[in-house]
$ cat final.pdb   # PDB, C-alpha atoms
ATOM      1  CA  ILE C   1      16.700  17.986  10.485
ATOM      2  CA  THR C   2      16.393  14.678  12.322
ATOM      3  CA  THR C   3      14.644  13.157   9.285
ATOM      4  CA  VAL C   4      17.397  14.264   6.904
ATOM      5  CA  VAL C   5      20.151  13.053   9.253
ATOM      6  CA  SER C   6      18.524   9.661   9.881
ATOM      7  CA  GLN C   7      17.906   9.106   6.154
ATOM      8  CA  ALA C   8      21.502  10.080   5.350
ATOM      9  CA  ILE C   9      22.792   7.545   7.878
ATOM     10  CA  ALA C  10      20.473   4.862   6.468
ATOM     11  CA  ALA C  11      21.617   5.657   2.908
ATOM     12  CA  PHE C  12      25.280   5.407   3.921
ATOM     13  CA  ILE C  13      24.715   2.028   5.587
ATOM     14  CA  GLY C  14      22.741   0.785   2.584
ATOM     15  CA  PHE C  15      25.411   1.809   0.066
ATOM     16  CA  SER C  16      28.113   0.281   2.235
ATOM     17  CA  MET C  17      26.281  -3.045   2.308
ATOM     18  CA  LEU C  18      25.667  -3.085  -1.462
ATOM     19  CA  LEU C  19      29.230  -2.065  -2.352
ATOM     20  CA  SER C  20      30.753  -4.611   0.019
ATOM     21  CA  GLY C  21      29.279  -7.603  -1.849
ATOM     22  CA  LYS C  22      28.604  -9.493   1.371
ATOM     23  CA  TYR C  23      24.824  -9.549   1.090
ATOM     24  CA  GLY C  24      24.051 -11.258  -2.237
ATOM     25  CA  ILE C  25      24.426  -8.157  -4.441
ATOM     26  CA  HIS C  26      27.789  -6.574  -5.270
ATOM     27  CA  LEU C  27      27.577  -3.132  -6.863
ATOM     28  CA  HIS C  28      30.421  -1.030  -8.227
ATOM     29  CA  ILE C  29      30.677   2.705  -8.797
ATOM     30  CA  LYS C  30      30.338   2.167 -12.569
ATOM     31  CA  ASP C  31      26.936   0.596 -11.962
ATOM     32  CA  PHE C  32      25.612   4.040 -11.012
ATOM     33  CA  ILE C  33      26.156   5.515 -14.487
ATOM     34  CA  PRO C  34      22.652   6.603 -15.653
ATOM     35  CA  ASP C  35      20.961   4.340 -18.193
ATOM     36  CA  THR C  36      18.706   6.708 -20.148
ATOM     37  CA  LYS C  37      16.759   3.848 -21.737
ATOM     38  CA  ALA C  38      15.956   2.280 -18.376
ATOM     39  CA  ILE C  39      15.172   5.678 -16.874
ATOM     40  CA  LYS C  40      12.709   6.442 -19.675
ATOM     41  CA  LYS C  41      10.908   3.119 -19.182
ATOM     42  CA  SER C  42      10.905   3.522 -15.396
ATOM     43  CA  PHE C  43       9.468   7.031 -15.716
ATOM     44  CA  PHE C  44       6.368   5.850 -17.558
ATOM     45  CA  LEU C  45       5.923   2.999 -15.071
ATOM     46  CA  TRP C  46       6.414   5.384 -12.158
ATOM     47  CA  LEU C  47       4.154   8.200 -13.377
ATOM     48  CA  PRO C  48       0.816   6.465 -12.605
ATOM     49  CA  SER C  49       2.100   5.551  -9.134
ATOM     50  CA  SER C  50       3.035   9.177  -8.559
ATOM     51  CA  ILE C  51      -0.458  10.285  -9.579
ATOM     52  CA  GLU C  52      -1.881   7.621  -7.267
ATOM     53  CA  MET C  53       0.059   8.927  -4.263
ATOM     54  CA  THR C  54      -0.927  12.501  -5.140
ATOM     55  CA  ALA C  55      -4.577  11.420  -5.203
ATOM     56  CA  ARG C  56      -4.174   9.839  -1.759
ATOM     57  CA  SER C  57      -2.546  12.968  -0.311
ATOM     58  CA  GLY C  58      -5.136  15.264  -1.846
ATOM     59  CA  SER C  59      -7.934  13.101  -0.507
ATOM     60  CA  TYR C  60      -6.481  13.245   2.997
ATOM     61  CA  ALA C  61      -6.193  17.045   2.755
ATOM     62  CA  LEU C  62      -9.870  17.344   1.819
ATOM     63  CA  LEU C  63     -10.782  14.937   4.601
ATOM     64  CA  VAL C  64      -9.060  17.328   7.021
ATOM     65  CA  VAL C  65     -11.219  20.130   5.579
ATOM     66  CA  ILE C  66     -14.351  18.075   6.281
ATOM     67  CA  VAL C  67     -13.198  17.429   9.866
ATOM     68  CA  THR C  68     -12.341  21.110  10.374
ATOM     69  CA  MET C  69     -15.998  21.984   9.785
ATOM     70  CA  PHE C  70     -16.721  20.410  13.182
ATOM     71  CA  GLY C  71     -14.321  22.713  15.047
ATOM     72  CA  THR C  72     -10.793  22.754  16.400
ATOM     73  CA  LEU C  73     -11.436  20.087  19.033
ATOM     74  CA  ALA C  74     -12.613  17.687  16.334
ATOM     75  CA  LEU C  75      -9.480  18.457  14.331
ATOM     76  CA  ALA C  76      -7.333  17.678  17.382
ATOM     77  CA  TRP C  77      -9.151  14.369  17.825
ATOM     78  CA  PHE C  78      -8.618  13.576  14.157
ATOM     79  CA  GLY C  79      -4.870  14.202  14.459
ATOM     80  CA  VAL C  80      -4.495  11.954  17.492
ATOM     81  CA  ALA C  81      -6.346   9.007  15.967
ATOM     82  CA  GLY C  82      -4.567   9.604  12.659
ATOM     83  CA  ASN C  83      -1.202   8.956  14.304
ATOM     84  CA  ILE C  84      -2.316   5.469  15.283
ATOM     85  CA  ILE C  85      -3.812   4.724  11.855
ATOM     86  CA  GLN C  86      -0.639   6.043  10.206
ATOM     87  CA  PHE C  87       1.393   3.383  11.984
ATOM     88  CA  ILE C  88      -0.792   0.695  10.410
ATOM     89  CA  ILE C  89      -0.444   2.335   6.994
ATOM     90  CA  ILE C  90       3.361   2.276   7.261
ATOM     91  CA  PHE C  91       3.282  -1.396   8.284
ATOM     92  CA  SER C  92       1.075  -2.147   5.271
ATOM     93  CA  MET C  93       3.459  -0.303   2.949
ATOM     94  CA  TRP C  94       6.283  -2.597   4.125
ATOM     95  CA  LEU C  95       4.203  -5.610   3.125
ATOM     96  CA  SER C  96       3.309  -3.995  -0.188
ATOM     97  CA  MET C  97       6.942  -3.215  -1.066
ATOM     98  CA  ALA C  98       8.099  -6.700  -0.092
ATOM     99  CA  THR C  99       5.361  -8.201  -2.261
ATOM    100  CA  SER C 100       6.348  -5.993  -5.201
ATOM    101  CA  VAL C 101       9.970  -7.123  -4.990
ATOM    102  CA  LEU C 102       9.183 -10.852  -4.781
ATOM    103  CA  VAL C 103       6.443 -10.839  -7.417
ATOM    104  CA  GLY C 104       8.505  -8.661  -9.773
ATOM    105  CA  GLN C 105      11.521 -10.941  -9.446
ATOM    106  CA  SER C 106       9.405 -14.025 -10.134
ATOM    107  CA  VAL C 107       7.648 -12.487 -13.149
ATOM    108  CA  GLY C 108      10.975 -11.266 -14.506
ATOM    109  CA  ALA C 109      12.340 -14.793 -14.232
ATOM    110  CA  GLY C 110       9.299 -16.167 -16.060
ATOM    111  CA  MET C 111       7.970 -17.978 -12.978
ATOM    112  CA  ILE C 112       4.364 -16.840 -13.257
ATOM    113  CA  GLN C 113       2.929 -19.573 -11.030
ATOM    114  CA  LYS C 114       5.390 -18.717  -8.287
ATOM    115  CA  ALA C 115       4.410 -15.051  -8.561
ATOM    116  CA  LYS C 116       0.747 -15.999  -8.111
ATOM    117  CA  GLU C 117       1.589 -18.090  -5.056
ATOM    118  CA  ILE C 118       3.483 -15.145  -3.567
ATOM    119  CA  ASN C 119       0.394 -13.011  -4.175
ATOM    120  CA  LYS C 120      -1.787 -15.463  -2.229
ATOM    121  CA  ILE C 121       0.695 -15.780   0.634
ATOM    122  CA  SER C 122       1.106 -12.009   0.855
ATOM    123  CA  ALA C 123      -2.651 -11.496   0.927
ATOM    124  CA  TRP C 124      -3.069 -13.986   3.769
ATOM    125  CA  ILE C 125      -0.129 -12.603   5.743
ATOM    126  CA  SER C 126      -1.507  -9.082   5.358
ATOM    127  CA  PHE C 127      -4.945 -10.181   6.476
ATOM    128  CA  ILE C 128      -3.775 -12.194   9.496
ATOM    129  CA  LEU C 129      -1.127  -9.788  10.815
ATOM    130  CA  LEU C 130      -3.207  -6.664  10.356
ATOM    131  CA  THR C 131      -6.275  -8.315  11.849
ATOM    132  CA  LEU C 132      -4.200  -9.142  14.932
ATOM    133  CA  LEU C 133      -2.927  -5.556  15.069
ATOM    134  CA  GLY C 134      -6.513  -4.406  14.707
ATOM    135  CA  TRP C 135      -7.629  -6.442  17.698
ATOM    136  CA  ILE C 136      -4.725  -5.076  19.749
ATOM    137  CA  ALA C 137      -5.715  -1.539  18.758
ATOM    138  CA  PHE C 138      -9.355  -2.311  19.581
ATOM    139  CA  LEU C 139      -8.573  -3.651  23.063
ATOM    140  CA  PHE C 140      -5.987  -1.037  24.039
ATOM    141  CA  ALA C 141      -7.252   2.018  22.135
ATOM    142  CA  PRO C 142      -7.648   4.213  25.270
ATOM    143  CA  TYR C 143      -4.039   3.583  26.272
ATOM    144  CA  PHE C 144      -2.740   4.424  22.782
ATOM    145  CA  ILE C 145      -4.732   7.670  22.768
ATOM    146  CA  TRP C 146      -3.540   8.472  26.274
ATOM    147  CA  PHE C 147       0.069   8.225  25.052
ATOM    148  CA  PHE C 148      -0.524  11.232  22.755
ATOM    149  CA  VAL C 149      -2.869  13.275  24.989
ATOM    150  CA  PRO C 150      -2.411  12.196  28.620
ATOM    151  CA  GLY C 151      -5.117  13.482  30.923
ATOM    152  CA  GLU C 152      -7.556  14.523  28.164
ATOM    153  CA  GLU C 153     -10.387  12.226  29.215
ATOM    154  CA  GLU C 154     -12.936  13.541  26.676
ATOM    155  CA  VAL C 155     -10.517  13.131  23.773
ATOM    156  CA  ILE C 156      -9.509   9.666  24.950
ATOM    157  CA  LYS C 157     -13.130   8.505  25.257
ATOM    158  CA  ILE C 158     -14.363   9.768  21.876
ATOM    159  CA  TRP C 159     -11.353   8.795  19.827
ATOM    160  CA  SER C 160     -11.089   5.385  21.423
ATOM    161  CA  GLU C 161     -14.514   4.673  19.932
ATOM    162  CA  ILE C 162     -13.456   5.976  16.525
ATOM    163  CA  VAL C 163     -10.145   4.083  16.441
ATOM    164  CA  ARG C 164     -12.054   0.908  17.269
ATOM    165  CA  ILE C 165     -14.247   1.394  14.179
ATOM    166  CA  SER C 166     -11.223   1.173  11.878
ATOM    167  CA  ALA C 167      -9.380  -1.400  14.004
ATOM    168  CA  LEU C 168     -11.895  -4.154  13.304
ATOM    169  CA  PHE C 169     -11.324  -3.766   9.576
ATOM    170  CA  PHE C 170      -7.518  -3.452   9.445
ATOM    171  CA  GLY C 171      -7.152  -6.902   7.893
ATOM    172  CA  LEU C 172      -9.506  -6.087   5.010
ATOM    173  CA  ILE C 173      -8.635  -2.426   4.618
ATOM    174  CA  TRP C 174      -4.906  -2.832   4.203
ATOM    175  CA  ILE C 175      -4.922  -6.075   2.211
ATOM    176  CA  GLN C 176      -5.433  -3.832  -0.801
ATOM    177  CA  MET C 177      -1.959  -2.389  -0.202
ATOM    178  CA  SER C 178      -0.537  -5.844  -0.847
ATOM    179  CA  LEU C 179      -2.643  -6.220  -3.996
ATOM    180  CA  ASN C 180      -1.455  -2.812  -5.170
ATOM    181  CA  GLY C 181       2.103  -4.072  -4.793
ATOM    182  CA  VAL C 182       1.322  -7.060  -7.030
ATOM    183  CA  LEU C 183      -0.124  -4.869  -9.784
ATOM    184  CA  ARG C 184       2.872  -2.544  -9.679
ATOM    185  CA  ALA C 185       5.258  -5.495  -9.809
ATOM    186  CA  ILE C 186       3.805  -6.744 -13.094
ATOM    187  CA  GLY C 187       3.899  -3.255 -14.591
ATOM    188  CA  LYS C 188       0.159  -2.565 -14.339
ATOM    189  CA  THR C 189       0.636   0.719 -12.463
ATOM    190  CA  GLN C 190      -2.306   2.370 -14.197
ATOM    191  CA  ILE C 191      -4.790   0.030 -12.488
ATOM    192  CA  PRO C 192      -3.938   1.051  -8.874
ATOM    193  CA  MET C 193      -3.970   4.680 -10.018
ATOM    194  CA  PHE C 194      -7.511   4.509 -11.398
ATOM    195  CA  ILE C 195      -8.717   2.421  -8.451
ATOM    196  CA  THR C 196      -7.284   4.915  -5.940
ATOM    197  CA  ILE C 197      -8.856   7.884  -7.708
ATOM    198  CA  LEU C 198     -12.222   6.089  -7.813
ATOM    199  CA  TRP C 199     -11.914   4.930  -4.206
ATOM    200  CA  GLN C 200     -10.667   8.156  -2.623
ATOM    201  CA  TRP C 201     -12.396  10.799  -4.728
ATOM    202  CA  GLY C 202     -15.402   9.014  -6.181
ATOM    203  CA  ILE C 203     -16.594   7.079  -3.130
ATOM    204  CA  LYS C 204     -14.805   7.819   0.150
ATOM    205  CA  LEU C 205     -14.875  11.639   0.224
ATOM    206  CA  PRO C 206     -18.493  12.052  -0.924
ATOM    207  CA  LEU C 207     -19.592   9.288   1.450
ATOM    208  CA  ALA C 208     -17.700  10.839   4.384
ATOM    209  CA  TYR C 209     -19.165  14.298   3.751
ATOM    210  CA  ILE C 210     -22.764  13.186   3.237
ATOM    211  CA  LEU C 211     -22.868  10.758   6.151
ATOM    212  CA  ALA C 212     -21.046  13.104   8.550
ATOM    213  CA  HIS C 213     -23.294  16.089   7.811
ATOM    214  CA  TYR C 214     -26.669  14.496   7.175
ATOM    215  CA  THR C 215     -26.845  11.679   9.723
ATOM    216  CA  SER C 216     -26.950  11.554  13.509
ATOM    217  CA  LEU C 217     -23.618   9.767  13.943
ATOM    218  CA  TRP C 218     -21.624  12.970  13.325
ATOM    219  CA  MET C 219     -17.877  12.379  12.755
ATOM    220  CA  HIS C 220     -18.134   8.652  13.328
ATOM    221  CA  TRP C 221     -19.286   8.316   9.740
ATOM    222  CA  ILE C 222     -16.002   9.808   8.494
ATOM    223  CA  TRP C 223     -14.279   6.748   9.907
ATOM    224  CA  TRP C 224     -16.996   4.349   8.776
ATOM    225  CA  SER C 225     -16.512   5.606   5.214
ATOM    226  CA  GLU C 226     -12.980   4.170   5.218
ATOM    227  CA  PRO C 227     -13.807   0.495   5.856
ATOM    228  CA  ILE C 228     -16.987   0.609   3.747
ATOM    229  CA  THR C 229     -15.216   1.871   0.630
ATOM    230  CA  SER C 230     -12.066  -0.177   1.262
ATOM    231  CA  ILE C 231     -13.990  -3.456   1.432
ATOM    232  CA  ILE C 232     -15.661  -2.635  -1.889
ATOM    233  CA  ILE C 233     -12.345  -1.759  -3.538
ATOM    234  CA  CYS C 234     -10.659  -4.835  -2.043
ATOM    235  CA  ILE C 235     -13.233  -7.068  -3.734
ATOM    236  CA  VAL C 236     -12.803  -5.177  -7.012
ATOM    237  CA  MET C 237      -9.022  -5.628  -6.868
ATOM    238  CA  PHE C 238      -9.314  -9.369  -6.249
ATOM    239  CA  VAL C 239     -11.491  -9.641  -9.350
ATOM    240  CA  ILE C 240      -9.073  -7.553 -11.430
ATOM    241  CA  ILE C 241      -5.994  -9.536 -10.372
ATOM    242  CA  SER C 242      -7.775 -12.801 -11.195
ATOM    243  CA  LYS C 243      -8.470 -11.480 -14.716
ATOM    244  CA  VAL C 244      -5.031  -9.943 -15.451
ATOM    245  CA  ASP C 245      -2.696 -11.904 -17.737
ATOM    246  CA  TRP C 246       0.455 -12.043 -15.609
ATOM    247  CA  SER C 247       2.578 -13.286 -18.503
ATOM    248  CA  LYS C 248       2.029 -10.009 -20.383
ATOM    249  CA  SER C 249       3.886  -7.729 -18.035
ATOM    250  CA  ASN C 250       5.307  -4.474 -19.366
ATOM    251  CA  MET C 251       8.637  -5.701 -20.733
ATOM    252  CA  THR C 252      10.713  -3.893 -23.315
ATOM    253  CA  LYS C 253      10.723  -5.145 -26.903
ATOM    254  CA  GLU C 254      14.278  -6.401 -26.436
ATOM    255  CA  GLU C 255      13.265  -8.464 -23.416
ATOM    256  CA  GLN C 256      10.295  -9.929 -25.267
ATOM    257  CA  THR C 257      12.478 -10.821 -28.260
ATOM    258  CA  GLU C 258      15.127 -12.390 -26.038
ATOM    259  CA  LYS C 259      12.502 -14.406 -24.187
ATOM    260  CA  GLN C 260      10.982 -15.597 -27.473
ATOM    261  CA  ILE C 261      14.399 -16.679 -28.833
ATOM    262  CA  ILE C 262      15.119 -18.653 -25.660
ATOM    263  CA  GLU C 263      11.727 -20.368 -25.738
ATOM    264  CA  GLU C 264      12.092 -21.270 -29.434
ATOM    265  CA  SER C 265      15.592 -22.645 -28.933
ATOM    266  CA  ILE C 266      14.383 -24.830 -26.077
ATOM    267  CA  ILE C 267      11.533 -26.206 -28.201
ATOM    268  CA  GLU C 268      13.588 -26.753 -31.358
ATOM    269  CA  GLU C 269      16.706 -28.247 -29.800
ATOM    270  CA  PRO C 270      16.272 -32.030 -29.410
ATOM    271  CA  ILE C 271      16.833 -33.544 -26.011
ATOM    272  CA  LYS C 272      20.112 -35.440 -25.977
ATOM    273  CA  GLU C 273      20.445 -38.640 -24.040
ATOM    274  CA  PHE C 274      23.689 -39.387 -22.300
TER     275      PHE C 274
END

$ encode --input "final.pdb" --output "structure tokens"
Amino acid sequence: ITTVVSQAIAAFIGFSMLLSGKYGIHLHIKDFIPDTKAIKKSFFLWLPSSIEMTARSGSYALLVVIVTMFGTLALAWFGVAGNIIQFIIIFSMWLSMATSVLVGQSVGAGMIQKAKEINKISAWISFILLTLLGWIAFLFAPYFIWFFVPGEEEVIKIWSEIVRISALFFGLIWIQMSLNGVLRAIGKTQIPMFITILWQWGIKLPLAYILAHYTSLWMHWIWWSEPITSIIICIVMFVIISKVDWSKSNMTKEEQTEKQIIEESIIEEPIKEF
């Protein structure tokens, strides 16, 4: 109930700001008439992202199954540490969405070089900020755990160690969220989808299961599987983005034709001197 109420309030404030015209964009009621053509295009751009998020959720569910094999106490520990990691994930999603907006706007305006610069800046910001957050989490992990389970000394001790494993890699782990935002912004939503499926289902889950059950480090390996696979995927994504032709984003035929006409008119029209 609180989620629905808070989102309703946020939606009301957002619509009020957009309809007022005081914040750079002025919408009218007629602007909300559905555009079937745009909806159709958006659907096929959105579908791979939807599959990607489903793959992430399904992977997390199976990870819970793996943790459950170690007993209810282990599951409780997993939930406590997960709350802290979830905060970092949400912060990374903010960076990813902001990157998508800025890169998409630049690509749409034909400013490919600017879009690439935004990509670099976003990657560095993600790395620096999340590395700092990681060090904070590393230094104060026992206090964060205590906030959720005060007085549970055994839980605090074990999960402080496990949170610190991920904390050192926050900068590298979540930089891929920013890169995902870039790929979505240029319409290459299939690439993050395939990468997520490979990362979560092809590498992370098998690695977590094998290392947790057949090595002496027990559940610690479940958390080590995250940074190990994420570093690999982060490198892969950097290579992919460097190879992608940003100028060939998924535009409609009308947009491509319009862009071509504008470019030809600029080339053919002689420069007049005044």

$ atom_distance --input "final.pdb" --atom1 "CA of Leu130 (chain C)" --atom2 "CA of Leu47 (chain C)"
29.0 Å

$ resolve_selection --input "final.pdb" --expression "the PyMOL selection byres ((chain C and resi 207-217) around 10)" --output "ChimeraX atom specification"
/C:62-63,66-67,69-70,200-206,218-226,228-229

$ atom_distance --input "final.pdb" --atom1 "CA of Thr131 (chain C)" --atom2 "CA of Phe170 (chain C)"
5.6 Å

$ residues_around --input "final.pdb" --residues "Ile195 (chain C)" --least-positions-apart "6" --cutoff "9 Å" --atoms "only C-alpha atoms" --output "list in words"
Glu52, Ile233, Val236 and Met237 of chain C

$ atom_distance --input "final.pdb" --atom1 "CA of Leu172 (chain C)" --atom2 "CA of Ser242 (chain C)"
17.6 Å

$ closest_residue --input "final.pdb" --among "C:Ser122, C:Ser160, C:Thr189, C:Thr2" --to "Phe140 (chain C)" --atoms "all atoms listed in the file"
C:Ser160

$ closest_residue --input "final.pdb" --among "C:Ser50, C:Thr3, C:Gln113, C:Asn119" --to "Met177 (chain C)" --atoms "all atoms listed in the file"
C:Asn119

$ residues_around --input "final.pdb" --residues "Leu27 (chain C)" --least-positions-apart "4" --cutoff "10 Å" --atoms "all atoms listed in the file" --output "ChimeraX atom specification"
/C:15-21,31-32

$ write_last_selection --input "final.pdb" --atoms "C-alpha atoms" --output "mmCIF file, in the coordinates of the input"
data_model
loop_
_atom_site.group_PDB
_atom_site.id
_atom_site.type_symbol
_atom_site.label_atom_id
_atom_site.label_comp_id
_atom_site.auth_asym_id
_atom_site.auth_seq_id
_atom_site.Cartn_x
_atom_site.Cartn_y
_atom_site.Cartn_z
ATOM 1 C CA PHE C 15 25.411 1.809 0.066
ATOM 2 C CA SER C 16 28.113 0.281 2.235
ATOM 3 C CA MET C 17 26.281 -3.045 2.308
ATOM 4 C CA LEU C 18 25.667 -3.085 -1.462
ATOM 5 C CA LEU C 19 29.230 -2.065 -2.352
ATOM 6 C CA SER C 20 30.753 -4.611 0.019
ATOM 7 C CA GLY C 21 29.279 -7.603 -1.849
ATOM 8 C CA ASP C 31 26.936 0.596 -11.962
ATOM 9 C CA PHE C 32 25.612 4.040 -11.012
#

$ resolve_selection --input "final.pdb" --expression "the PyMOL selection byres ((chain C and resi 86-95) around 10)" --output "PDB file with C-alpha atoms, in the coordinates of the input"
ATOM      1  CA  ALA C  81      -6.346   9.007  15.967  1.00  0.00           C
ATOM      2  CA  GLY C  82      -4.567   9.604  12.659  1.00  0.00           C
ATOM      3  CA  ASN C  83      -1.202   8.956  14.304  1.00  0.00           C
ATOM      4  CA  ILE C  84      -2.316   5.469  15.283  1.00  0.00           C
ATOM      5  CA  ILE C  85      -3.812   4.724  11.855  1.00  0.00           C
ATOM      6  CA  SER C  96       3.309  -3.995  -0.188  1.00  0.00           C
ATOM      7  CA  MET C  97       6.942  -3.215  -1.066  1.00  0.00           C
ATOM      8  CA  ALA C  98       8.099  -6.700  -0.092  1.00  0.00           C
ATOM      9  CA  THR C  99       5.361  -8.201  -2.261  1.00  0.00           C
ATOM     10  CA  SER C 100       6.348  -5.993  -5.201  1.00  0.00           C
ATOM     11  CA  SER C 122       1.106 -12.009   0.855  1.00  0.00           C
ATOM     12  CA  ALA C 123      -2.651 -11.496   0.927  1.00  0.00           C
ATOM     13  CA  ILE C 125      -0.129 -12.603   5.743  1.00  0.00           C
ATOM     14  CA  SER C 126      -1.507  -9.082   5.358  1.00  0.00           C
ATOM     15  CA  LEU C 129      -1.127  -9.788  10.815  1.00  0.00           C
ATOM     16  CA  LEU C 130      -3.207  -6.664  10.356  1.00  0.00           C
ATOM     17  CA  LEU C 133      -2.927  -5.556  15.069  1.00  0.00           C
ATOM     18  CA  GLY C 134      -6.513  -4.406  14.707  1.00  0.00           C
ATOM     19  CA  ALA C 137      -5.715  -1.539  18.758  1.00  0.00           C
ATOM     20  CA  ALA C 167      -9.380  -1.400  14.004  1.00  0.00           C
ATOM     21  CA  PHE C 170      -7.518  -3.452   9.445  1.00  0.00           C
ATOM     22  CA  GLY C 171      -7.152  -6.902   7.893  1.00  0.00           C
ATOM     23  CA  ILE C 173      -8.635  -2.426   4.618  1.00  0.00           C
ATOM     24  CA  TRP C 174      -4.906  -2.832   4.203  1.00  0.00           C
ATOM     25  CA  ILE C 175      -4.922  -6.075   2.211  1.00  0.00           C
ATOM     26  CA  GLN C 176      -5.433  -3.832  -0.801  1.00  0.00           C
ATOM     27  CA  MET C 177      -1.959  -2.389  -0.202  1.00  0.00           C
ATOM     28  CA  SER C 178      -0.537  -5.844  -0.847  1.00  0.00           C
ATOM     29  CA  LEU C 179      -2.643  -6.220  -3.996  1.00  0.00           C
ATOM     30  CA  ASN C 180      -1.455  -2.812  -5.170  1.00  0.00           C
ATOM     31  CA  GLY C 181       2.103  -4.072  -4.793  1.00  0.00           C
TER      32      GLY C 181
END

$ closest_residue --input "final.pdb" --among "C:Ile33, C:Ala74, C:Glu117, C:Tyr23" --to "Glu154 (chain C)" --atoms "only C-alpha atoms"
C:Ala74

$ residues_around --input "final.pdb" --residues "Ser106 (chain C)" --least-positions-apart "2" --cutoff "12 Å" --atoms "all atoms listed in the file" --output "list in words"
Thr99, Ser100, Val101, Leu102, Val103, Gly104, Gly108, Ala109, Gly110, Met111, Ile112, Gln113, Lys114, Ala115, Lys116, Glu117, Ile118, Asn119, Val182, Ala185, Ile186, Trp246, Ser247 and Ser249 of chain C
